[in-house]
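Listing of coords30.tsv; format and content: TSV, C-alpha atoms and all ligand atoms.
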chain	number	residue	atom	x	y	z
A	86	MET	CA	22.00	-16.98	4.94
A	87	SER	CA	19.68	-15.05	2.68
A	88	ALA	CA	18.01	-16.44	-0.41
A	89	PHE	CA	19.06	-15.83	-4.00
A	90	ARG	CA	16.33	-13.18	-4.24
A	91	GLU	CA	14.64	-12.44	-0.98
A	92	LEU	CA	11.92	-10.12	0.24
A	93	GLU	CA	11.81	-10.24	4.01
A	94	VAL	CA	8.74	-8.97	5.84
A	95	ASP	CA	9.17	-8.07	9.50
A	96	LEU	CA	5.71	-8.77	10.90
A	97	ASP	CA	6.62	-7.50	14.37
A	98	ALA	CA	7.58	-4.16	12.83
A	99	LEU	CA	4.22	-4.07	11.05
A	100	THR	CA	2.38	-4.76	14.31
A	101	ALA	CA	4.42	-2.08	16.09
A	102	ASN	CA	3.74	0.44	13.31
A	103	VAL	CA	0.00	-0.05	13.71
A	104	GLU	CA	0.37	0.46	17.47
A	105	ARG	CA	2.36	3.67	16.90
A	106	MET	CA	-0.14	5.00	14.40
A	107	ARG	CA	-3.08	4.19	16.67
A	108	VAL	CA	-1.50	6.27	19.41
A	109	HIS	CA	-0.73	9.07	16.97
A	110	VAL	CA	-4.22	9.33	15.45
A	111	GLY	CA	-6.30	8.43	18.50
A	112	THR	CA	-9.34	7.44	16.45
A	113	PRO	CA	-11.85	4.87	17.73
A	114	HIS	CA	-11.15	2.69	14.68
A	115	VAL	CA	-8.17	1.98	12.45
A	116	MET	CA	-8.42	0.25	9.07
A	117	ALA	CA	-5.27	-1.49	7.86
A	118	VAL	CA	-5.21	-1.24	4.07
A	119	VAL	CA	-3.92	-4.55	2.69
A	120	LYS	CA	-4.82	-4.15	-0.99
A	121	ALA	CA	-2.39	-5.20	-3.72
A	122	ASN	CA	-1.05	-8.07	-1.61
A	123	ALA	CA	-0.52	-5.66	1.27
A	124	TYR	CA	1.61	-3.35	-0.87
A	125	GLY	CA	3.75	-6.34	-1.79
A	126	HIS	CA	4.20	-7.53	1.81
A	127	GLY	CA	1.82	-10.52	1.64
A	128	ALA	CA	-1.87	-9.88	2.30
A	129	VAL	CA	-2.81	-12.58	4.78
A	130	ALA	CA	0.26	-12.42	7.03
A	131	SER	CA	0.20	-8.62	6.95
A	132	ALA	CA	-3.50	-8.51	7.78
A	133	ARG	CA	-2.93	-10.74	10.80
A	134	ALA	CA	0.03	-8.65	11.97
A	135	ALA	CA	-2.01	-5.46	11.60
A	136	LEU	CA	-4.91	-6.91	13.59
A	137	ALA	CA	-2.42	-7.93	16.29
A	138	GLY	CA	-1.40	-4.27	16.47
A	139	GLY	CA	-4.96	-3.19	17.13
A	140	ALA	CA	-6.34	-2.44	13.68
A	141	ASP	CA	-10.01	-3.40	13.82
A	142	TRP	CA	-10.78	-3.07	10.08
A	143	LEU	CA	-9.11	-4.29	6.92
A	144	GLY	CA	-9.39	-2.42	3.64
A	145	VAL	CA	-8.89	-3.76	0.13
A	146	ALA	CA	-9.65	-2.47	-3.34
A	147	ASP	CA	-11.70	-5.31	-4.76
A	148	LEU	CA	-13.87	-8.13	-3.57
A	149	THR	CA	-11.47	-10.83	-4.76
A	150	GLU	CA	-8.90	-9.49	-2.33
A	151	ALA	CA	-11.48	-9.47	0.46
A	152	LEU	CA	-12.48	-13.07	-0.21
A	153	GLN	CA	-8.83	-14.11	-0.12
A	154	LEU	CA	-8.70	-12.83	3.47
A	155	ARG	CA	-11.92	-14.67	4.35
A	156	ASP	CA	-10.62	-17.88	2.74
A	157	ALA	CA	-7.57	-17.63	4.99
A	158	GLY	CA	-9.88	-17.60	8.00
A	159	ILE	CA	-9.67	-13.90	8.80
A	160	ASP	CA	-13.05	-12.81	10.16
A	161	ALA	CA	-12.31	-9.16	11.00
A	162	PRO	CA	-14.45	-6.49	9.32
A	163	VAL	CA	-13.35	-5.93	5.73
A	164	LEU	CA	-14.27	-3.18	3.29
A	165	ALA	CA	-13.80	-3.47	-0.50
A	166	TRP	CA	-14.40	-0.34	-2.55
A	167	LEU	CA	-13.49	-0.76	-6.23
A	168	HIS	CA	-15.76	-3.09	-8.14
A	169	ASP	CA	-15.92	-4.91	-11.43
A	170	PRO	CA	-19.00	-3.58	-13.27
A	171	ASP	CA	-20.34	-7.17	-13.16
A	172	GLU	CA	-19.28	-7.81	-9.57
A	173	ASP	CA	-21.36	-10.42	-7.78
A	174	PHE	CA	-22.20	-8.77	-4.46
A	175	ARG	CA	-23.84	-12.01	-3.30
A	176	LEU	CA	-20.28	-13.15	-2.57
A	177	ALA	CA	-19.82	-10.11	-0.35
A	178	ALA	CA	-23.11	-10.71	1.45
A	179	ASP	CA	-22.24	-14.36	1.92
A	180	ALA	CA	-18.75	-13.60	3.25
A	181	GLY	CA	-19.83	-10.66	5.38
A	182	VAL	CA	-17.66	-8.20	3.49
A	183	ASP	CA	-18.70	-4.54	3.49
A	184	VAL	CA	-18.76	-2.89	0.09
A	185	GLY	CA	-18.15	0.68	-0.94
A	186	ILE	CA	-20.98	2.11	-3.02
A	187	SER	CA	-20.35	4.81	-5.59
A	188	SER	CA	-23.62	5.02	-7.51
A	189	LEU	CA	-27.36	4.43	-7.32
A	190	ALA	CA	-27.00	1.50	-9.75
A	191	GLN	CA	-24.40	-0.12	-7.50
A	192	LEU	CA	-26.67	0.37	-4.52
A	193	GLU	CA	-29.51	-1.45	-6.30
A	194	VAL	CA	-27.22	-4.33	-7.26
A	195	ALA	CA	-26.09	-4.57	-3.65
A	196	ALA	CA	-29.72	-4.58	-2.48
A	197	ASP	CA	-30.65	-7.35	-4.95
A	198	ALA	CA	-27.72	-9.43	-3.72
A	199	ALA	CA	-28.66	-8.80	-0.12
A	200	ARG	CA	-32.27	-9.88	-0.74
A	201	THR	CA	-31.13	-13.26	-2.10
A	202	VAL	CA	-28.35	-13.93	0.44
A	203	ALA	CA	-28.15	-11.81	3.57
A	204	PRO	CA	-28.30	-8.17	4.60
A	205	LEU	CA	-25.28	-6.28	3.32
A	206	ALA	CA	-23.40	-3.47	5.04
A	207	VAL	CA	-22.28	-0.70	2.73
A	208	HIS	CA	-20.13	2.41	2.97
A	209	ILE	CA	-21.34	5.10	0.61
A	210	LYS	CA	-18.48	6.90	-1.06
A	211	VAL	CA	-19.02	10.56	-1.83
A	212	GLU	CA	-16.97	12.41	-4.42
A	213	THR	CA	-15.18	15.31	-2.73
A	214	GLY	CA	-12.67	16.37	-5.34
A	215	LEU	CA	-10.46	13.49	-6.43
A	216	SER	CA	-12.54	12.83	-9.57
A	217	ARG	CA	-12.31	9.05	-9.26
A	218	ASN	CA	-15.32	7.09	-8.01
A	219	GLY	CA	-17.78	8.26	-5.38
A	220	VAL	CA	-21.31	9.58	-5.68
A	221	ALA	CA	-21.43	13.02	-7.31
A	222	GLU	CA	-23.01	15.79	-5.26
A	223	GLU	CA	-25.98	16.07	-7.66
A	224	GLU	CA	-26.83	12.44	-6.90
A	225	TRP	CA	-26.40	12.50	-3.13
A	226	ASP	CA	-30.08	13.04	-2.34
A	227	ALA	CA	-31.22	10.23	-4.62
A	228	VAL	CA	-28.65	7.79	-3.24
A	229	PHE	CA	-29.14	8.68	0.43
A	230	THR	CA	-32.93	8.59	0.13
A	231	ARG	CA	-32.85	5.20	-1.55
A	232	ALA	CA	-30.29	3.90	0.95
A	233	HIS	CA	-32.58	4.91	3.78
A	234	GLU	CA	-35.52	3.07	2.14
A	235	LEU	CA	-33.37	-0.04	1.80
A	236	GLU	CA	-32.38	0.26	5.45
A	237	GLU	CA	-36.05	0.35	6.40
A	238	GLU	CA	-36.62	-2.70	4.19
A	239	GLY	CA	-33.89	-4.41	6.20
A	240	VAL	CA	-31.61	-5.41	3.32
A	241	ILE	CA	-28.97	-2.70	3.47
A	242	ARG	CA	-27.20	-1.12	6.36
A	243	VAL	CA	-25.23	2.03	5.72
A	244	ARG	CA	-22.35	1.42	8.08
A	245	GLY	CA	-20.12	4.09	6.64
A	246	ILE	CA	-19.84	7.22	4.57
A	247	PHE	CA	-16.41	7.86	3.18
A	248	SER	CA	-14.26	9.65	0.68
A	249	HIS	CA	-10.60	9.97	-0.25
A	250	LEU	CA	-8.26	12.97	-0.37
A	251	SER	CA	-6.01	14.29	-3.12
A	252	ASN	CA	-3.08	15.38	-0.90
A	253	ALA	CA	-2.66	18.16	-3.45
A	254	SER	CA	-2.26	20.62	-0.55
A	255	ASP	CA	-3.64	21.16	2.95
A	256	ASP	CA	-6.04	23.72	1.51
A	257	ASP	CA	-7.30	21.29	-1.13
A	258	ASP	CA	-7.76	18.63	1.52
A	259	ARG	CA	-9.60	21.05	3.81
A	260	ALA	CA	-11.86	22.00	0.89
A	261	ALA	CA	-12.58	18.31	0.30
A	262	ILE	CA	-13.37	17.86	3.99
A	263	ALA	CA	-15.86	20.75	3.74
A	264	VAL	CA	-17.57	18.93	0.85
A	265	PHE	CA	-17.53	15.75	2.93
A	266	GLU	CA	-19.23	17.60	5.80
A	267	ARG	CA	-21.92	18.72	3.38
A	268	GLY	CA	-22.37	15.12	2.31
A	269	LEU	CA	-22.73	13.94	5.89
A	270	ALA	CA	-25.34	16.62	6.55
A	271	ARG	CA	-27.32	15.62	3.47
A	272	ALA	CA	-27.16	11.97	4.49
A	273	ALA	CA	-28.47	12.85	7.95
A	274	ALA	CA	-31.29	14.86	6.35
A	275	ALA	CA	-32.26	11.72	4.43
A	276	GLY	CA	-32.23	9.71	7.65
A	277	VAL	CA	-28.90	7.99	7.05
A	278	GLU	CA	-26.66	8.05	10.13
A	279	PRO	CA	-23.57	5.89	9.63
A	280	GLU	CA	-21.42	4.81	12.55
A	281	LEU	CA	-18.20	5.22	10.54
A	282	ARG	CA	-17.23	8.42	8.76
A	283	HIS	CA	-13.82	8.16	7.14
A	284	ILE	CA	-11.74	10.14	4.68
A	285	ALA	CA	-8.08	10.02	5.80
A	286	ALA	CA	-5.38	7.73	4.43
A	287	SER	CA	-1.88	7.84	5.97
A	288	ALA	CA	-0.94	11.34	4.84
A	289	ALA	CA	-3.96	13.15	6.28
A	290	ALA	CA	-4.16	10.84	9.29
A	291	ILE	CA	-0.63	11.95	10.20
A	292	ALA	CA	-0.84	15.65	9.42
A	293	LEU	CA	-4.46	16.81	9.29
A	294	PRO	CA	-6.23	16.02	12.58
A	295	GLU	CA	-9.63	17.26	11.38
A	296	SER	CA	-9.60	14.51	8.75
A	297	ARG	CA	-9.55	11.66	11.23
A	298	TYR	CA	-13.27	11.28	12.08
A	299	ASP	CA	-14.18	7.78	13.34
A	300	LEU	CA	-11.68	5.76	11.37
A	301	VAL	CA	-8.48	6.25	9.38
A	302	ARG	CA	-7.45	3.99	6.50
A	303	LEU	CA	-3.74	3.34	6.87
A	304	GLY	CA	-1.68	1.81	4.10
A	305	LEU	CA	1.85	3.10	3.63
A	306	SER	CA	2.42	4.03	7.28
A	307	ILE	CA	1.74	0.54	8.65
A	308	TYR	CA	4.43	-0.75	6.30
A	309	GLY	CA	6.77	1.59	8.14
A	310	LEU	CA	7.00	4.41	5.62
A	311	SER	CA	5.74	7.94	6.04
A	312	PRO	CA	4.22	9.81	3.08
A	313	TYR	CA	6.40	12.71	4.27
A	314	GLY	CA	9.70	10.87	3.99
A	315	ALA	CA	12.43	9.45	6.18
A	316	GLU	CA	12.60	12.16	8.83
A	317	SER	CA	8.84	12.02	9.40
A	318	GLY	CA	8.88	8.24	9.52
A	319	ARG	CA	11.60	8.30	12.15
A	320	SER	CA	9.85	10.87	14.31
A	321	LEU	CA	6.63	8.87	14.15
A	322	GLY	CA	8.57	5.80	15.28
A	323	LEU	CA	7.75	3.86	12.12
A	324	ARG	CA	10.01	0.98	11.10
A	325	PRO	CA	10.17	-0.12	7.45
A	326	VAL	CA	8.75	-3.62	7.21
A	327	MET	CA	10.22	-4.77	3.89
A	328	THR	CA	13.85	-5.65	3.24
A	329	VAL	CA	14.90	-6.74	-0.25
A	330	ARG	CA	18.11	-8.68	-0.74
A	331	GLY	CA	19.90	-10.73	-3.30
A	332	ARG	CA	23.04	-12.84	-3.33
A	333	VAL	CA	25.92	-12.01	-5.61
A	334	ALA	CA	25.64	-14.43	-8.53
A	335	ALA	CA	28.96	-13.64	-10.28
A	336	VAL	CA	32.03	-11.50	-9.71
A	337	ARG	CA	34.53	-10.33	-12.31
A	338	ARG	CA	37.57	-8.11	-12.32
A	339	VAL	CA	37.62	-5.81	-15.35
A	340	PRO	CA	39.96	-3.14	-16.76
A	341	ALA	CA	39.20	0.57	-17.17
A	342	GLY	CA	36.84	1.49	-20.00
A	343	LYS	CA	34.74	-1.66	-19.81
A	344	GLY	CA	31.11	-1.29	-20.82
A	345	VAL	CA	28.56	-2.71	-18.35
A	346	SER	CA	25.13	-4.18	-19.10
A	347	TYR	CA	22.86	-3.34	-22.05
A	348	ASP	CA	23.68	-0.27	-24.07
A	349	TYR	CA	26.91	0.30	-22.11
A	350	THR	CA	25.36	3.24	-20.28
A	351	TYR	CA	28.05	2.66	-17.65
A	352	ARG	CA	31.77	2.36	-18.33
A	353	THR	CA	34.39	1.58	-15.71
A	354	GLU	CA	36.76	4.44	-14.96
A	355	ARG	CA	39.58	2.22	-13.77
A	356	GLU	CA	40.33	-1.40	-13.09
A	357	THR	CA	37.56	-2.55	-10.81
A	358	THR	CA	35.37	-5.39	-9.59
A	359	LEU	CA	31.82	-5.93	-10.83
A	360	ALA	CA	29.22	-7.88	-8.83
A	361	LEU	CA	26.15	-9.35	-10.50
A	362	VAL	CA	22.90	-9.16	-8.52
A	363	PRO	CA	20.06	-11.47	-9.60
A	364	LEU	CA	17.10	-9.09	-9.40
A	365	GLY	CA	15.65	-7.28	-12.38
A	366	TYR	CA	12.56	-5.64	-13.69
A	367	ALA	CA	10.78	-9.00	-13.62
A	368	GLU	CA	11.01	-8.63	-9.83
A	369	GLY	CA	9.71	-5.08	-10.06
A	370	ILE	CA	13.08	-3.35	-9.85
A	371	PRO	CA	12.33	-0.18	-11.84
A	372	ARG	CA	14.39	0.11	-15.00
A	373	SER	CA	14.71	3.73	-14.00
A	374	ALA	CA	16.93	2.49	-11.15
A	375	SER	CA	19.66	2.04	-13.76
A	376	ASN	CA	22.79	3.97	-12.73
A	377	VAL	CA	21.03	5.71	-9.83
A	378	ALA	CA	19.58	3.40	-7.16
A	379	PRO	CA	21.62	2.58	-4.06
A	380	VAL	CA	22.51	-0.83	-2.64
A	381	ALA	CA	24.55	-1.97	0.34
A	382	ILE	CA	27.21	-4.68	0.10
A	383	ALA	CA	29.18	-5.64	3.19
A	384	GLY	CA	27.73	-2.59	4.91
A	385	ARG	CA	29.09	-0.23	2.23
A	386	PRO	CA	27.00	1.94	-0.09
A	387	PHE	CA	27.16	1.47	-3.85
A	388	THR	CA	25.05	2.46	-6.84
A	389	ILE	CA	23.67	0.23	-9.57
A	390	SER	CA	26.00	0.37	-12.58
A	391	GLY	CA	24.40	0.36	-16.00
A	392	ARG	CA	20.99	-0.82	-17.06
A	393	VAL	CA	18.70	-2.90	-14.88
A	394	ALA	CA	17.84	-5.93	-17.02
A	395	MET	CA	14.93	-8.35	-16.73
A	396	ASP	CA	16.71	-10.69	-14.32
A	397	GLN	CA	19.76	-8.88	-13.02
A	398	PHE	CA	21.84	-5.79	-12.55
A	399	VAL	CA	25.53	-5.07	-11.98
A	400	VAL	CA	27.27	-3.10	-9.24
A	401	ASP	CA	30.76	-1.64	-9.59
A	402	VAL	CA	32.23	-2.28	-6.15
A	403	GLY	CA	35.72	-0.89	-6.80
A	404	ASP	CA	38.33	-2.84	-4.88
A	405	LEU	CA	35.94	-4.29	-2.32
A	406	GLU	CA	36.54	-7.98	-1.81
A	407	VAL	CA	33.29	-9.51	-2.95
A	408	ALA	CA	32.57	-13.20	-3.38
A	409	VAL	CA	29.82	-15.11	-5.10
A	410	GLY	CA	27.10	-15.66	-2.52
A	411	ASP	CA	27.67	-12.42	-0.63
A	412	GLU	CA	24.57	-10.56	0.43
A	413	VAL	CA	23.40	-7.39	-1.30
A	414	VAL	CA	20.70	-5.30	0.36
A	415	LEU	CA	18.65	-3.20	-2.03
A	416	PHE	CA	16.57	-1.47	0.61
A	417	GLY	CA	15.30	-2.02	4.11
A	418	ASP	CA	15.34	-0.20	7.43
A	419	PRO	CA	17.77	2.74	7.09
A	420	ALA	CA	18.40	2.54	10.85
A	421	THR	CA	20.43	-0.59	10.06
A	422	GLY	CA	22.65	1.31	7.64
A	423	VAL	CA	21.06	0.13	4.40
A	424	PRO	CA	19.28	2.22	1.74
A	425	SER	CA	15.57	2.84	2.23
A	426	ALA	CA	12.52	2.62	-0.02
A	427	TYR	CA	12.52	6.44	0.19
A	428	ASP	CA	16.05	6.49	-1.29
A	429	TRP	CA	14.91	4.21	-4.08
A	430	ALA	CA	11.83	6.34	-4.74
A	431	ASP	CA	13.93	9.49	-4.94
A	432	ALA	CA	16.51	7.83	-7.19
A	433	CYS	CA	13.86	6.42	-9.53
A	434	GLY	CA	11.63	9.49	-9.65
A	435	THR	CA	8.69	7.77	-8.01
A	436	ILE	CA	7.06	7.32	-4.60
A	437	SER	CA	7.81	4.79	-1.87
A	438	TRP	CA	4.31	3.26	-2.31
A	439	GLU	CA	5.31	2.14	-5.79
A	440	ILE	CA	8.76	0.88	-4.81
A	441	VAL	CA	7.47	-1.62	-2.23
A	442	THR	CA	4.26	-2.58	-4.04
A	443	ARG	CA	5.93	-3.53	-7.30
A	444	LEU	CA	8.46	-5.89	-5.69
A	445	ASP	CA	7.26	-9.36	-6.57
A	446	GLY	CA	8.17	-11.75	-9.38
A	447	ARG	CA	10.64	-14.44	-8.41
A	448	VAL	CA	11.54	-13.11	-4.99
A	449	ARG	CA	11.09	-15.47	-2.09
A	450	ARG	CA	8.93	-13.80	0.52
A	451	THR	CA	10.05	-14.67	4.03
A	452	PHE	CA	8.42	-13.58	7.27
A	453	ARG	CA	10.06	-12.61	10.52
A	454	GLY	CA	8.17	-12.52	13.79
A	455	GLY	CA	4.40	-12.57	13.87
A	456	ARG	CA	2.17	-13.82	16.64
B	1	LIG	C1	-4.82	2.85	-0.93
B	1	LIG	C2	-5.86	3.58	-0.18
B	1	LIG	C3	-5.66	3.98	1.15
B	1	LIG	C4	-4.32	3.87	1.86
B	1	LIG	O1	-3.49	4.92	1.45
B	1	LIG	P1	-2.05	5.17	2.09
B	1	LIG	O2	-1.64	6.47	1.51
B	1	LIG	O3	-1.16	4.07	1.60
B	1	LIG	O4	-2.20	5.18	3.55
B	1	LIG	C5	-6.72	4.52	1.82
B	1	LIG	N1	-7.93	4.69	1.23
B	1	LIG	C6	-8.14	4.36	-0.06
B	1	LIG	C7	-9.48	4.59	-0.66
B	1	LIG	C8	-7.12	3.81	-0.81
B	1	LIG	O5	-7.34	3.48	-2.10

Represent the supplied structure as structure tokens.
Ligand SMILES: *Cc1c(COP(=O)(O)O)cnc(C)c1O
Amino acid sequence: MSAFRELEVDLDALTANVERMRVHVGTPHVMAVVKANAYGHGAVASARAALAGGADWLGVADLTEALQLRDAGIDAPVLAWLHDPDEDFRLAADAGVDVGISSLAQLEVAADAARTVAPLAVHIKVETGLSRNGVAEEEWDAVFTRAHELEEEGVIRVRGIFSHLSNASDDDDRAAIAVFERGLARAAAAGVEPELRHIAASAAAIALPESRYDLVRLGLSIYGLSPYGAESGRSLGLRPVMTVRGRVAAVRRVPAGKGVSYDYTYRTERETTLALVPLGYAEGIPRSASNVAPVAIAGRPFTISGRVAMDQFVVDVGDLEVAVGDEVVLFGDPATGVPSAYDWADACGTISWEIVTRLDGRVRRTFRGGR
């Protein structure tokens, strides 16, 4: 029996997705991106499942996330790339976490930390078009030259050079890759020869072979979702890892014309049955799911009726016999006949990344499988 509010994570599916993606990309290295609590799937368990599938790197946004993996006993290589301006890189050096470097100032801070603790491996991020972090082209020579000096001093090792793509279009991504190539050449001219060059996340890893280099950083795809939607996910053999369920908390029979939930944005057209589902925006159900997002009850498709509230939403199930305690699936693996995170993203005007990542709150996270 499922829990009142349940988020089930199929760790075997996650492991299998990594295996599928490894075969598809064929790169020497694969980084499983487990930032933001592994896109809502649970960072530590997901990291272990990804490593079991052959990922040999873990990627996170910030150092706190990296240290959480280390504290759980995970000793695989980890890269953290988005830092608090006052970040203490001594923690990274101490824990053997690689850090992304996006400026000369950050490089010096990393070197100072390394001198007091232990040599630190860095991946220099070059800006190639996304306009986020990354060393600007005008500063490449200064950063690469200094990095090489610090390598000679023995405090810093430039293990990687990386960037990130916009996915604006194939042409934009190819233009960014051309800038990246220029960056690699300038690094080499300064004597910096990293073993890992990486620029592709799931989208480019799947569709743009020239972006793959030595390592791809896979987030969405290892959670069983393709950036290109359901059909692409199926053809890649990806299986959605997250299933979200709730149990019907109340059932009522109502006449035609009855207003449902806040603001009465839904009114019954005829006598019907309403089922109350105990998940709301506190759990990360988008309020924009009101009146549009699909659910499955007893294997049948329905749509949320009326506004999603903080703790709950209502579904008009017509004449379906529904009882308190029955299971409602919000989304999961569409191969099992339930709605998908893609369906939810389409209904809510967002992307599947956001749908899975925001699911949290009072849901009980349960794990299936795992080695
Ligand atoms: C989040 C992130 C990824 C993973 O992206 P997906 O599209 O989920 O595969 C890769 N690289 C960086 C720098 C990221 O921030």

Quiz item: Which protein, DNA or RNA residues have an atom at most 9 Å from (-12.3, 13.8, 3.8), counting all atoms listed in the file? List them as a PyMOL selection string.
Solution: chain A and resi 213+247-250+258-266+282-285+289+295-298

Practice problem: Please write out the residues within 9 Å of ligand LIG 1 (chain B) as a count of residues only, counting all atoms listed in the file. | Solution: 34

All residues 10 Å or closer to A:Arg175, all atoms listed in the file, same chain fewer than 3 positions away omitted, as a CSV table (one decimal) with C-alpha atoms, keeping the file's coordinate frame:
chain,number,residue,atom,x,y,z
A,172,GLU,CA,-19.3,-7.8,-9.6
A,178,ALA,CA,-23.1,-10.7,1.4
A,179,ASP,CA,-22.2,-14.4,1.9
A,180,ALA,CA,-18.8,-13.6,3.2
A,181,GLY,CA,-19.8,-10.7,5.4
A,182,VAL,CA,-17.7,-8.2,3.5
A,194,VAL,CA,-27.2,-4.3,-7.3
A,195,ALA,CA,-26.1,-4.6,-3.6
A,196,ALA,CA,-29.7,-4.6,-2.5
A,197,ASP,CA,-30.6,-7.4,-5.0
A,198,ALA,CA,-27.7,-9.4,-3.7
A,199,ALA,CA,-28.7,-8.8,-0.1
A,200,ARG,CA,-32.3,-9.9,-0.7
A,201,THR,CA,-31.1,-13.3,-2.1
A,202,VAL,CA,-28.4,-13.9,0.4
A,203,ALA,CA,-28.2,-11.8,3.6
A,204,PRO,CA,-28.3,-8.2,4.6
A,205,LEU,CA,-25.3,-6.3,3.3

Contacts of A:Asp160 within 12 Å, all atoms listed in the file, excl. fewer than 6 positions in-chain, as a CSV table (one decimal) with C-alpha atoms, in the coordinates of the input:
chain,number,residue,atom,x,y,z
A,129,VAL,CA,-2.8,-12.6,4.8
A,132,ALA,CA,-3.5,-8.5,7.8
A,133,ARG,CA,-2.9,-10.7,10.8
A,136,LEU,CA,-4.9,-6.9,13.6
A,141,ASP,CA,-10.0,-3.4,13.8
A,142,TRP,CA,-10.8,-3.1,10.1
A,143,LEU,CA,-9.1,-4.3,6.9
A,151,ALA,CA,-11.5,-9.5,0.5
A,152,LEU,CA,-12.5,-13.1,-0.2
A,153,GLN,CA,-8.8,-14.1,-0.1
A,154,LEU,CA,-8.7,-12.8,3.5
A,180,ALA,CA,-18.8,-13.6,3.2
A,181,GLY,CA,-19.8,-10.7,5.4
A,182,VAL,CA,-17.7,-8.2,3.5

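When all atoms listed in the file are used to measure the gap to A:Asp226, the shortest distance among A:Val240, A:Ile246, A:Ala275, A:Ala253 belongs to A:Ala275.
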
Please report, as lines of an AutoDock Vina configuration file, the centre and edge lengths in Å to one decimal of an axis-aligned box covering all listed atoms of stretch 220-236 of chain A with 3 Å per side.
center_x = -28.4
center_y = 8.0
center_z = -1.1
size_x = 20.2
size_y = 22.1
size_z = 19.1

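Atom CA of A:Glu193 to atom CA of A:Glu280 spans 21.4 Å [interatomic distance, one decimal].
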
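Nearest-residue note for A:Ala137: choosing from A:Ala165, A:Ala374, A:Val326, A:Leu99, the minimum distance belongs to A:Leu99, counting only C-alpha atoms.
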
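You will find atom CA of A:Arg244 at 5.8 Å from atom CA of A:Val207.
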
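Those residues that approach stretch 409-411 of chain A to within 7 Å, counting all atoms listed in the file, are Arg332, Val333, Ala334, Ala335 and Val336 of chain A; same-chain residues fewer than 3 positions away are not listed.
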
Restricting it to C-alpha atoms, dump the selection as a short mmCIF file (atom, residue, chain, number, x, y, z; two decimals), keeping the file's coordinate frame.
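See part_24.cif below for the written result:
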data_model
loop_
_atom_site.label_atom_id
_atom_site.label_comp_id
_atom_site.auth_asym_id
_atom_site.auth_seq_id
_atom_site.Cartn_x
_atom_site.Cartn_y
_atom_site.Cartn_z
CA ARG A 332 23.04 -12.84 -3.33
CA VAL A 333 25.92 -12.01 -5.61
CA ALA A 334 25.64 -14.43 -8.53
CA ALA A 335 28.96 -13.64 -10.28
CA VAL A 336 32.03 -11.50 -9.71
#

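Relative to atom CA of A:Val243, atom CA of A:Val220 is found at 14.2 Å.
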
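Distance annotation: of A:Thr149, A:Thr230, A:Ser251, A:Gln397, the residue with the minimal separation from A:Glu212 is A:Ser251; atom set is all atoms listed in the file.
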